[in-house]
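File shown: target_26.pdb (PDB, C-alpha atoms, pLDDT in the B column).
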ATOM      1  CA  MET W  18     -19.727  36.731 -52.738  1.00 57.00           C
ATOM      2  CA  LEU W  19     -17.278  38.825 -50.704  1.00 54.00           C
ATOM      3  CA  LYS W  20     -18.974  37.784 -47.473  1.00 61.00           C
ATOM      4  CA  THR W  21     -18.681  34.100 -48.463  1.00 58.00           C
ATOM      5  CA  GLN W  22     -14.977  34.497 -49.291  1.00 58.00           C
ATOM      6  CA  SER W  23     -14.359  36.319 -45.998  1.00 59.00           C
ATOM      7  CA  PHE W  24     -16.246  33.632 -44.122  1.00 56.00           C
ATOM      8  CA  ILE W  25     -14.193  30.855 -45.801  1.00 59.00           C
ATOM      9  CA  PHE W  26     -10.955  32.769 -45.115  1.00 57.00           C
ATOM     10  CA  TYR W  27     -11.813  33.136 -41.406  1.00 57.00           C
ATOM     11  CA  LEU W  28     -12.885  29.489 -41.235  1.00 54.00           C
ATOM     12  CA  ILE W  29      -9.509  28.400 -42.673  1.00 59.00           C
ATOM     13  CA  ILE W  30      -7.604  30.665 -40.251  1.00 59.00           C
ATOM     14  CA  ILE W  31      -9.580  29.335 -37.253  1.00 63.00           C
ATOM     15  CA  THR W  32      -9.046  25.728 -38.389  1.00 61.00           C
ATOM     16  CA  LEU W  33      -5.291  26.262 -38.823  1.00 55.00           C
ATOM     17  CA  PHE W  34      -5.017  28.034 -35.489  1.00 55.00           C
ATOM     18  CA  SER W  35      -6.976  25.251 -33.728  1.00 56.00           C
ATOM     19  CA  THR W  36      -4.742  22.592 -35.276  1.00 53.00           C
ATOM     20  CA  LEU W  37      -1.596  24.463 -34.192  1.00 49.00           C
ATOM     21  CA  VAL W  38      -2.894  24.870 -30.636  1.00 49.00           C
ATOM     22  CA  VAL W  39      -3.894  21.181 -30.371  1.00 49.00           C
ATOM     23  CA  SER W  40      -0.610  19.904 -31.824  1.00 48.00           C
ATOM     24  CA  ASP W  41       1.379  22.331 -29.657  1.00 47.00           C
ATOM     25  CA  HIS W  42      -0.578  21.120 -26.595  1.00 47.00           C
ATOM     26  CA  ARG W  43       0.252  17.472 -27.385  1.00 52.00           C
ATOM     27  CA  SER W  44       3.969  18.162 -27.685  1.00 53.00           C
ATOM     28  CA  ASN W  45       4.077  20.371 -24.591  1.00 57.00           C
ATOM     29  CA  SER W  46       6.133  18.778 -21.780  1.00 67.00           C
ATOM     30  CA  ASN W  47       3.941  20.497 -19.169  1.00 77.00           C
ATOM     31  CA  VAL W  48       0.933  18.274 -19.939  1.00 79.00           C
ATOM     32  CA  PHE W  49      -0.711  16.928 -16.776  1.00 82.00           C
ATOM     33  CA  GLY W  50      -1.223  13.369 -18.027  1.00 86.00           C
ATOM     34  CA  LYS W  51      -0.314  11.311 -21.045  1.00 85.00           C
ATOM     35  CA  TYR W  52      -0.004   7.681 -22.111  1.00 86.00           C
ATOM     36  CA  THR W  53       3.294   6.004 -21.273  1.00 83.00           C
ATOM     37  CA  SER W  54       4.210   2.530 -22.404  1.00 81.00           C
ATOM     38  CA  PRO W  55       5.241   0.063 -19.662  1.00 81.00           C
ATOM     39  CA  SER W  56       8.473  -0.710 -21.535  1.00 81.00           C
ATOM     40  CA  SER W  57       9.523   2.978 -21.341  1.00 84.00           C
ATOM     41  CA  LEU W  58       9.683   2.493 -17.541  1.00 81.00           C
ATOM     42  CA  GLY W  59      11.716  -0.694 -17.877  1.00 81.00           C
ATOM     43  CA  LEU W  60       8.730  -2.877 -16.988  1.00 79.00           C
ATOM     44  CA  LYS W  61       8.902  -6.323 -18.515  1.00 83.00           C
ATOM     45  CA  ARG W  62       6.728  -9.250 -17.485  1.00 87.00           C
ATOM     46  CA  GLU W  63       4.521  -9.245 -14.450  1.00 90.00           C
ATOM     47  CA  LYS W  64       5.533 -11.776 -11.759  1.00 92.00           C
ATOM     48  CA  LEU W  65       3.683 -13.484  -8.939  1.00 96.00           C
ATOM     49  CA  SER W  66       5.700 -13.646  -5.697  1.00 96.00           C
ATOM     50  CA  HIS W  67       5.071 -15.319  -2.330  1.00 98.00           C
ATOM     51  CA  LEU W  68       6.692 -13.820   0.783  1.00 98.00           C
ATOM     52  CA  HIS W  69       6.664 -15.496   4.187  1.00 98.00           C
ATOM     53  CA  PHE W  70       7.686 -13.788   7.449  1.00 98.00           C
ATOM     54  CA  TYR W  71       6.715 -13.175  11.075  1.00 98.00           C
ATOM     55  CA  PHE W  72       5.503  -9.861  12.498  1.00 97.00           C
ATOM     56  CA  HIS W  73       6.396  -9.039  16.136  1.00 98.00           C
ATOM     57  CA  ASP W  74       4.177  -6.494  17.923  1.00 97.00           C
ATOM     58  CA  ILE W  75       5.520  -5.638  21.392  1.00 97.00           C
ATOM     59  CA  VAL W  76       3.194  -3.269  23.268  1.00 94.00           C
ATOM     60  CA  SER W  77       5.096  -2.646  26.513  1.00 93.00           C
ATOM     61  CA  GLY W  78       8.492  -2.868  28.169  1.00 91.00           C
ATOM     62  CA  LYS W  79      11.828  -1.298  27.291  1.00 90.00           C
ATOM     63  CA  ASN W  80      11.803  -2.839  23.792  1.00 91.00           C
ATOM     64  CA  ALA W  81       8.232  -1.845  22.880  1.00 96.00           C
ATOM     65  CA  THR W  82       7.646  -1.626  19.121  1.00 96.00           C
ATOM     66  CA  ALA W  83       4.048  -0.343  19.363  1.00 96.00           C
ATOM     67  CA  VAL W  84       3.170   2.875  21.186  1.00 95.00           C
ATOM     68  CA  ARG W  85      -0.326   4.160  21.961  1.00 94.00           C
ATOM     69  CA  VAL W  86      -0.570   7.673  20.510  1.00 95.00           C
ATOM     70  CA  ALA W  87      -4.289   8.415  20.881  1.00 92.00           C
ATOM     71  CA  GLY W  88      -7.400   7.081  22.502  1.00 88.00           C
ATOM     72  CA  THR W  89      -9.947   7.738  25.167  1.00 76.00           C
ATOM     73  CA  SER W  90      -9.239   7.480  28.875  1.00 63.00           C
ATOM     74  CA  SER W  91     -12.805   6.452  29.668  1.00 59.00           C
ATOM     75  CA  ASN W  92     -14.803   4.506  27.199  1.00 56.00           C
ATOM     76  CA  ASN W  93     -18.485   3.664  27.266  1.00 62.00           C
ATOM     77  CA  SER W  94     -18.259   1.051  24.524  1.00 58.00           C
ATOM     78  CA  SER W  95     -18.444  -2.667  25.140  1.00 60.00           C
ATOM     79  CA  LEU W  96     -14.877  -3.063  23.902  1.00 69.00           C
ATOM     80  CA  PRO W  97     -12.502  -1.006  26.084  1.00 77.00           C
ATOM     81  CA  LEU W  98      -9.833  -0.498  23.377  1.00 86.00           C
ATOM     82  CA  PHE W  99     -12.214   1.088  20.838  1.00 89.00           C
ATOM     83  CA  GLY W 100     -10.668   4.316  19.516  1.00 90.00           C
ATOM     84  CA  ASP W 101      -7.103   3.575  20.630  1.00 94.00           C
ATOM     85  CA  ILE W 102      -4.435   4.222  17.974  1.00 96.00           C
ATOM     86  CA  TYR W 103      -0.942   2.724  18.016  1.00 96.00           C
ATOM     87  CA  MET W 104       2.122   3.688  15.957  1.00 98.00           C
ATOM     88  CA  ILE W 105       4.304   0.702  15.141  1.00 98.00           C
ATOM     89  CA  ASP W 106       7.846  -0.085  14.078  1.00 98.00           C
ATOM     90  CA  ASP W 107       7.613  -3.879  14.338  1.00 98.00           C
ATOM     91  CA  PRO W 108      10.388  -6.247  13.255  1.00 98.00           C
ATOM     92  CA  LEU W 109       9.697  -8.795  10.519  1.00 98.00           C
ATOM     93  CA  THR W 110      11.681 -12.009  10.935  1.00 98.00           C
ATOM     94  CA  ILE W 111      12.240 -15.175   8.945  1.00 98.00           C
ATOM     95  CA  ASN W 112      11.120 -17.412  11.873  1.00 98.00           C
ATOM     96  CA  PRO W 113       8.802 -16.939  14.883  1.00 98.00           C
ATOM     97  CA  ASP W 114      11.801 -16.394  17.172  1.00 98.00           C
ATOM     98  CA  ILE W 115      12.345 -12.623  17.480  1.00 97.00           C
ATOM     99  CA  ASN W 116      16.100 -13.280  17.455  1.00 97.00           C
ATOM    100  CA  SER W 117      15.953 -14.971  14.047  1.00 98.00           C
ATOM    101  CA  LYS W 118      17.085 -13.121  10.919  1.00 98.00           C
ATOM    102  CA  THR W 119      15.303  -9.778  10.447  1.00 98.00           C
ATOM    103  CA  VAL W 120      14.008  -9.223   6.894  1.00 98.00           C
ATOM    104  CA  GLY W 121      12.365  -5.841   7.442  1.00 98.00           C
ATOM    105  CA  LYS W 122      10.003  -3.710   9.486  1.00 98.00           C
ATOM    106  CA  ALA W 123       6.262  -3.119   9.597  1.00 98.00           C
ATOM    107  CA  GLN W 124       5.899   0.636   9.999  1.00 98.00           C
ATOM    108  CA  GLY W 125       2.650   2.543  10.318  1.00 98.00           C
ATOM    109  CA  MET W 126      -0.340   2.413  12.605  1.00 97.00           C
ATOM    110  CA  TYR W 127      -3.326   0.434  13.675  1.00 97.00           C
ATOM    111  CA  ALA W 128      -6.505   1.579  15.363  1.00 96.00           C
ATOM    112  CA  TYR W 129      -9.155  -0.353  17.256  1.00 93.00           C
ATOM    113  CA  SER W 130     -12.084   0.380  14.966  1.00 93.00           C
ATOM    114  CA  SER W 131     -15.022  -1.644  16.271  1.00 90.00           C
ATOM    115  CA  GLN W 132     -17.195  -1.225  19.348  1.00 90.00           C
ATOM    116  CA  THR W 133     -18.312  -4.861  19.340  1.00 89.00           C
ATOM    117  CA  GLU W 134     -15.393  -7.031  18.177  1.00 90.00           C
ATOM    118  CA  MET W 135     -11.592  -7.071  18.069  1.00 90.00           C
ATOM    119  CA  SER W 136     -11.209  -5.376  14.686  1.00 94.00           C
ATOM    120  CA  LEU W 137      -8.287  -3.173  13.688  1.00 95.00           C
ATOM    121  CA  LEU W 138      -7.796  -0.668  10.905  1.00 97.00           C
ATOM    122  CA  MET W 139      -4.265  -1.388   9.611  1.00 97.00           C
ATOM    123  CA  VAL W 140      -2.353   1.314   7.710  1.00 97.00           C
ATOM    124  CA  LEU W 141       1.220   0.170   7.290  1.00 97.00           C
ATOM    125  CA  ASN W 142       4.207  -0.457   5.071  1.00 98.00           C
ATOM    126  CA  PHE W 143       6.311  -3.565   5.060  1.00 98.00           C
ATOM    127  CA  ALA W 144       9.793  -2.089   4.531  1.00 98.00           C
ATOM    128  CA  PHE W 145      12.204  -4.876   3.522  1.00 98.00           C
ATOM    129  CA  THR W 146      15.915  -4.806   4.366  1.00 98.00           C
ATOM    130  CA  GLU W 147      17.147  -8.170   3.134  1.00 95.00           C
ATOM    131  CA  GLY W 148      18.246  -9.756  -0.156  1.00 94.00           C
ATOM    132  CA  LYS W 149      16.863  -8.710  -3.519  1.00 94.00           C
ATOM    133  CA  TYR W 150      13.951  -6.905  -1.804  1.00 96.00           C
ATOM    134  CA  ASN W 151      16.227  -4.622   0.267  1.00 98.00           C
ATOM    135  CA  GLY W 152      14.837  -1.077   0.029  1.00 98.00           C
ATOM    136  CA  SER W 153      11.468  -2.197  -1.374  1.00 98.00           C
ATOM    137  CA  THR W 154       8.129  -1.694   0.367  1.00 98.00           C
ATOM    138  CA  LEU W 155       4.583  -3.036   0.295  1.00 98.00           C
ATOM    139  CA  SER W 156       1.589  -1.026   1.498  1.00 98.00           C
ATOM    140  CA  VAL W 157      -1.382  -2.459   3.390  1.00 97.00           C
ATOM    141  CA  LEU W 158      -4.675  -0.699   4.039  1.00 97.00           C
ATOM    142  CA  ALA W 159      -7.038  -3.153   5.657  1.00 96.00           C
ATOM    143  CA  ARG W 160      -9.495  -4.346   8.243  1.00 96.00           C
ATOM    144  CA  ASN W 161      -7.922  -6.952  10.506  1.00 96.00           C
ATOM    145  CA  GLU W 162     -10.355  -9.059  12.543  1.00 95.00           C
ATOM    146  CA  ALA W 163      -7.710 -10.051  15.086  1.00 91.00           C
ATOM    147  CA  PHE W 164      -9.481 -13.068  16.607  1.00 91.00           C
ATOM    148  CA  ASN W 165     -10.180 -14.790  13.280  1.00 95.00           C
ATOM    149  CA  THR W 166      -7.867 -17.731  12.605  1.00 96.00           C
ATOM    150  CA  VAL W 167      -6.797 -16.339   9.221  1.00 97.00           C
ATOM    151  CA  ARG W 168      -7.218 -12.722   8.197  1.00 97.00           C
ATOM    152  CA  GLU W 169      -6.931 -11.587   4.581  1.00 98.00           C
ATOM    153  CA  MET W 170      -5.751  -8.047   3.899  1.00 98.00           C
ATOM    154  CA  PRO W 171      -5.143  -6.289   0.575  1.00 98.00           C
ATOM    155  CA  ILE W 172      -1.744  -5.160  -0.660  1.00 98.00           C
ATOM    156  CA  VAL W 173      -2.528  -1.822  -2.298  1.00 97.00           C
ATOM    157  CA  GLY W 174       0.867  -0.863  -3.730  1.00 97.00           C
ATOM    158  CA  GLY W 175       4.604  -0.956  -3.392  1.00 97.00           C
ATOM    159  CA  THR W 176       7.959   0.542  -4.292  1.00 96.00           C
ATOM    160  CA  GLY W 177      11.321  -0.711  -5.560  1.00 95.00           C
ATOM    161  CA  SER W 178      11.044  -4.365  -6.596  1.00 94.00           C
ATOM    162  CA  PHE W 179       7.316  -4.138  -5.864  1.00 96.00           C
ATOM    163  CA  ARG W 180       6.329  -1.252  -8.136  1.00 92.00           C
ATOM    164  CA  PHE W 181       2.715  -1.582  -9.285  1.00 93.00           C
ATOM    165  CA  ALA W 182       2.190  -4.327  -6.665  1.00 96.00           C
ATOM    166  CA  ARG W 183      -1.254  -5.695  -5.975  1.00 96.00           C
ATOM    167  CA  GLY W 184      -2.249  -8.748  -4.020  1.00 98.00           C
ATOM    168  CA  TYR W 185      -3.134  -9.888  -0.544  1.00 98.00           C
ATOM    169  CA  ALA W 186      -1.626 -10.904   2.766  1.00 98.00           C
ATOM    170  CA  GLN W 187      -2.873 -13.737   4.940  1.00 98.00           C
ATOM    171  CA  ALA W 188      -2.184 -13.193   8.633  1.00 98.00           C
ATOM    172  CA  ARG W 189      -2.350 -15.997  11.195  1.00 98.00           C
ATOM    173  CA  THR W 190      -1.621 -15.451  14.884  1.00 97.00           C
ATOM    174  CA  HIS W 191       1.303 -17.660  15.885  1.00 97.00           C
ATOM    175  CA  SER W 192       1.265 -16.714  19.580  1.00 96.00           C
ATOM    176  CA  ILE W 193       0.010 -13.894  21.761  1.00 94.00           C
ATOM    177  CA  THR W 194       0.616 -12.676  25.319  1.00 93.00           C
ATOM    178  CA  LEU W 195      -0.342  -9.420  27.022  1.00 91.00           C
ATOM    179  CA  VAL W 196       2.981  -7.970  25.816  1.00 94.00           C
ATOM    180  CA  HIS W 197       4.053  -9.667  22.573  1.00 96.00           C
ATOM    181  CA  ALA W 198       2.022 -10.834  19.577  1.00 96.00           C
ATOM    182  CA  ILE W 199       3.704 -12.914  16.860  1.00 98.00           C
ATOM    183  CA  VAL W 200       1.785 -13.051  13.585  1.00 98.00           C
ATOM    184  CA  GLU W 201       2.704 -15.234  10.608  1.00 98.00           C
ATOM    185  CA  TYR W 202       2.268 -13.541   7.226  1.00 98.00           C
ATOM    186  CA  ASN W 203       1.970 -15.150   3.800  1.00 98.00           C
ATOM    187  CA  VAL W 204       1.903 -12.465   1.125  1.00 98.00           C
ATOM    188  CA  PHE W 205       0.948 -13.173  -2.495  1.00 98.00           C
ATOM    189  CA  LEU W 206       1.410 -10.356  -4.973  1.00 96.00           C
ATOM    190  CA  PHE W 207       1.698  -9.470  -8.607  1.00 95.00           C
ATOM    191  CA  HIS W 208       4.447  -6.983  -9.469  1.00 93.00           C
ATOM    192  CA  TYR W 209       6.974  -6.184 -12.195  1.00 87.00           C
TER
END
Would you put the structure from the file into structure tokens?
Amino acid sequence: MLKTQSFIFYLIIITLFSTLVVSDHRSNSNVFGKYTSPSSLGLKREKLSHLHFYFHDIVSGKNATAVRVAGTSSNNSSLPLFGDIYMIDDPLTINPDINSKTVGKAQGMYAYSSQTEMSLLMVLNFAFTEGKYNGSTLSVLARNEAFNTVREMPIVGGTGSFRFARGYAQARTHSITLVHAIVEYNVFLFHY
């Protein structure tokens, strides 16, 4: 009988201690992850936005906006640019004319990632500087098949007005020379 009472006593103590530890853990502010309601972050209804702008990539001259930072000097592949990496700080404008109103910058890098076709790995942010999107960014991580008429690339996130952004960008080459490529972008995204 004494062993049974001792066992029950210890079982009650262990149960109480476990409950205290679990409840203390849930109220602890040092918890790694926890549920947060969207409204606690000021998030209301999700919106669908369409942005339209032109991307200017200038690869040489005194006003170059793209600079080769890595690559091979001799290349045995069928595509001579394979492996080249460029850092960019390209203006985004409202019209194809580079002197039209600037709405932001495309900042990041692209790399020639195929040995057989003109395909780029794009890792960049669209950093906006105009209107209600001033200070907001969108992030792109994508494959860009540069010679396709229309290329679709995912929007994988954003900041500011574009928090929790997801969507896609359609890129269409407007014009291209050996020095200056102008690409039209239509971006469709969900955000709060």
_Expected residue set, 12 Å radius at (3.1, -15.9, 21.5), only C-alpha atoms, as an NGL selection string_ = :W and (71-75 or 113-115 or 189-201)
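Interatomic distance, atom CA of W:Ser66 against atom CA of W:Thr166: 23.1 Å.
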*With the file shown as input, list the residues that the PyMOL selection byres ((chain W and resi 143) around 12) selects, as a PyMOL selection string.*
chain W and resi 68-72+105-110+120-126+139-142+144-147+150-158+172-176+179+186+202+204
*Rounded to one decimal place, report the atom CA of W:Met135-atom CA of W:Asp101 distance in Å.*
11.8 Å
_Two-atom distance - atom CA of W:Leu65, atom CA of W:Asn203 (Å)_ =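 Straight-line distance from atom CA of W:Leu65 to atom CA of W:Asn203 works out to 13.0 Å.
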Slice of the block: stretch 143-159 of chain W, N, CA, C and O atoms, as a compact mmCIF listing (two decimals), in the first residue's frame:
# COMPACT_ATOMS: atom_id res chain seq x y z
N PHE W 143 14.63 44.37 -57.42
CA PHE W 143 14.13 45.62 -57.98
C PHE W 143 13.91 46.54 -56.79
O PHE W 143 13.06 46.27 -55.94
N ALA W 144 14.71 47.58 -56.68
CA ALA W 144 14.63 48.54 -55.57
C ALA W 144 13.94 49.80 -56.10
O ALA W 144 14.52 50.52 -56.91
N PHE W 145 12.71 50.06 -55.65
CA PHE W 145 11.91 51.16 -56.19
C PHE W 145 12.16 52.45 -55.43
O PHE W 145 12.37 52.45 -54.21
N THR W 146 12.13 53.57 -56.17
CA THR W 146 12.46 54.88 -55.59
C THR W 146 11.37 55.91 -55.86
O THR W 146 11.58 57.09 -55.59
N GLU W 147 10.24 55.48 -56.36
CA GLU W 147 9.23 56.43 -56.81
C GLU W 147 7.85 56.11 -56.24
O GLU W 147 7.48 54.95 -56.10
N GLY W 148 7.10 57.18 -55.90
CA GLY W 148 5.70 57.06 -55.50
C GLY W 148 5.49 56.23 -54.26
O GLY W 148 6.34 56.17 -53.37
N LYS W 149 4.35 55.54 -54.21
CA LYS W 149 3.99 54.78 -53.00
C LYS W 149 4.88 53.56 -52.79
O LYS W 149 4.89 52.98 -51.72
N TYR W 150 5.67 53.18 -53.81
CA TYR W 150 6.57 52.03 -53.69
C TYR W 150 8.00 52.44 -53.34
O TYR W 150 8.89 51.59 -53.26
N ASN W 151 8.24 53.73 -53.10
CA ASN W 151 9.57 54.22 -52.73
C ASN W 151 10.07 53.48 -51.49
O ASN W 151 9.40 53.44 -50.47
N GLY W 152 11.26 52.89 -51.60
CA GLY W 152 11.85 52.15 -50.48
C GLY W 152 11.47 50.68 -50.45
O GLY W 152 12.00 49.94 -49.63
N SER W 153 10.59 50.24 -51.32
CA SER W 153 10.17 48.84 -51.36
C SER W 153 11.01 48.07 -52.39
O SER W 153 11.52 48.66 -53.34
N THR W 154 11.13 46.77 -52.18
CA THR W 154 11.90 45.94 -53.11
C THR W 154 11.13 44.68 -53.48
O THR W 154 10.24 44.24 -52.75
N LEU W 155 11.50 44.12 -54.62
CA LEU W 155 11.05 42.80 -55.06
C LEU W 155 12.27 41.97 -55.38
O LEU W 155 13.24 42.48 -55.97
N SER W 156 12.26 40.70 -55.03
CA SER W 156 13.40 39.82 -55.29
C SER W 156 13.07 38.80 -56.37
O SER W 156 12.00 38.20 -56.36
N VAL W 157 14.04 38.61 -57.28
CA VAL W 157 13.91 37.68 -58.39
C VAL W 157 15.04 36.66 -58.30
O VAL W 157 16.19 37.03 -58.09
N LEU W 158 14.70 35.40 -58.43
CA LEU W 158 15.69 34.34 -58.53
C LEU W 158 15.20 33.46 -59.67
O LEU W 158 14.19 32.78 -59.54
N ALA W 159 15.89 33.51 -60.83
CA ALA W 159 15.28 32.92 -62.00
C ALA W 159 16.27 32.51 -63.07
O ALA W 159 17.40 32.99 -63.11
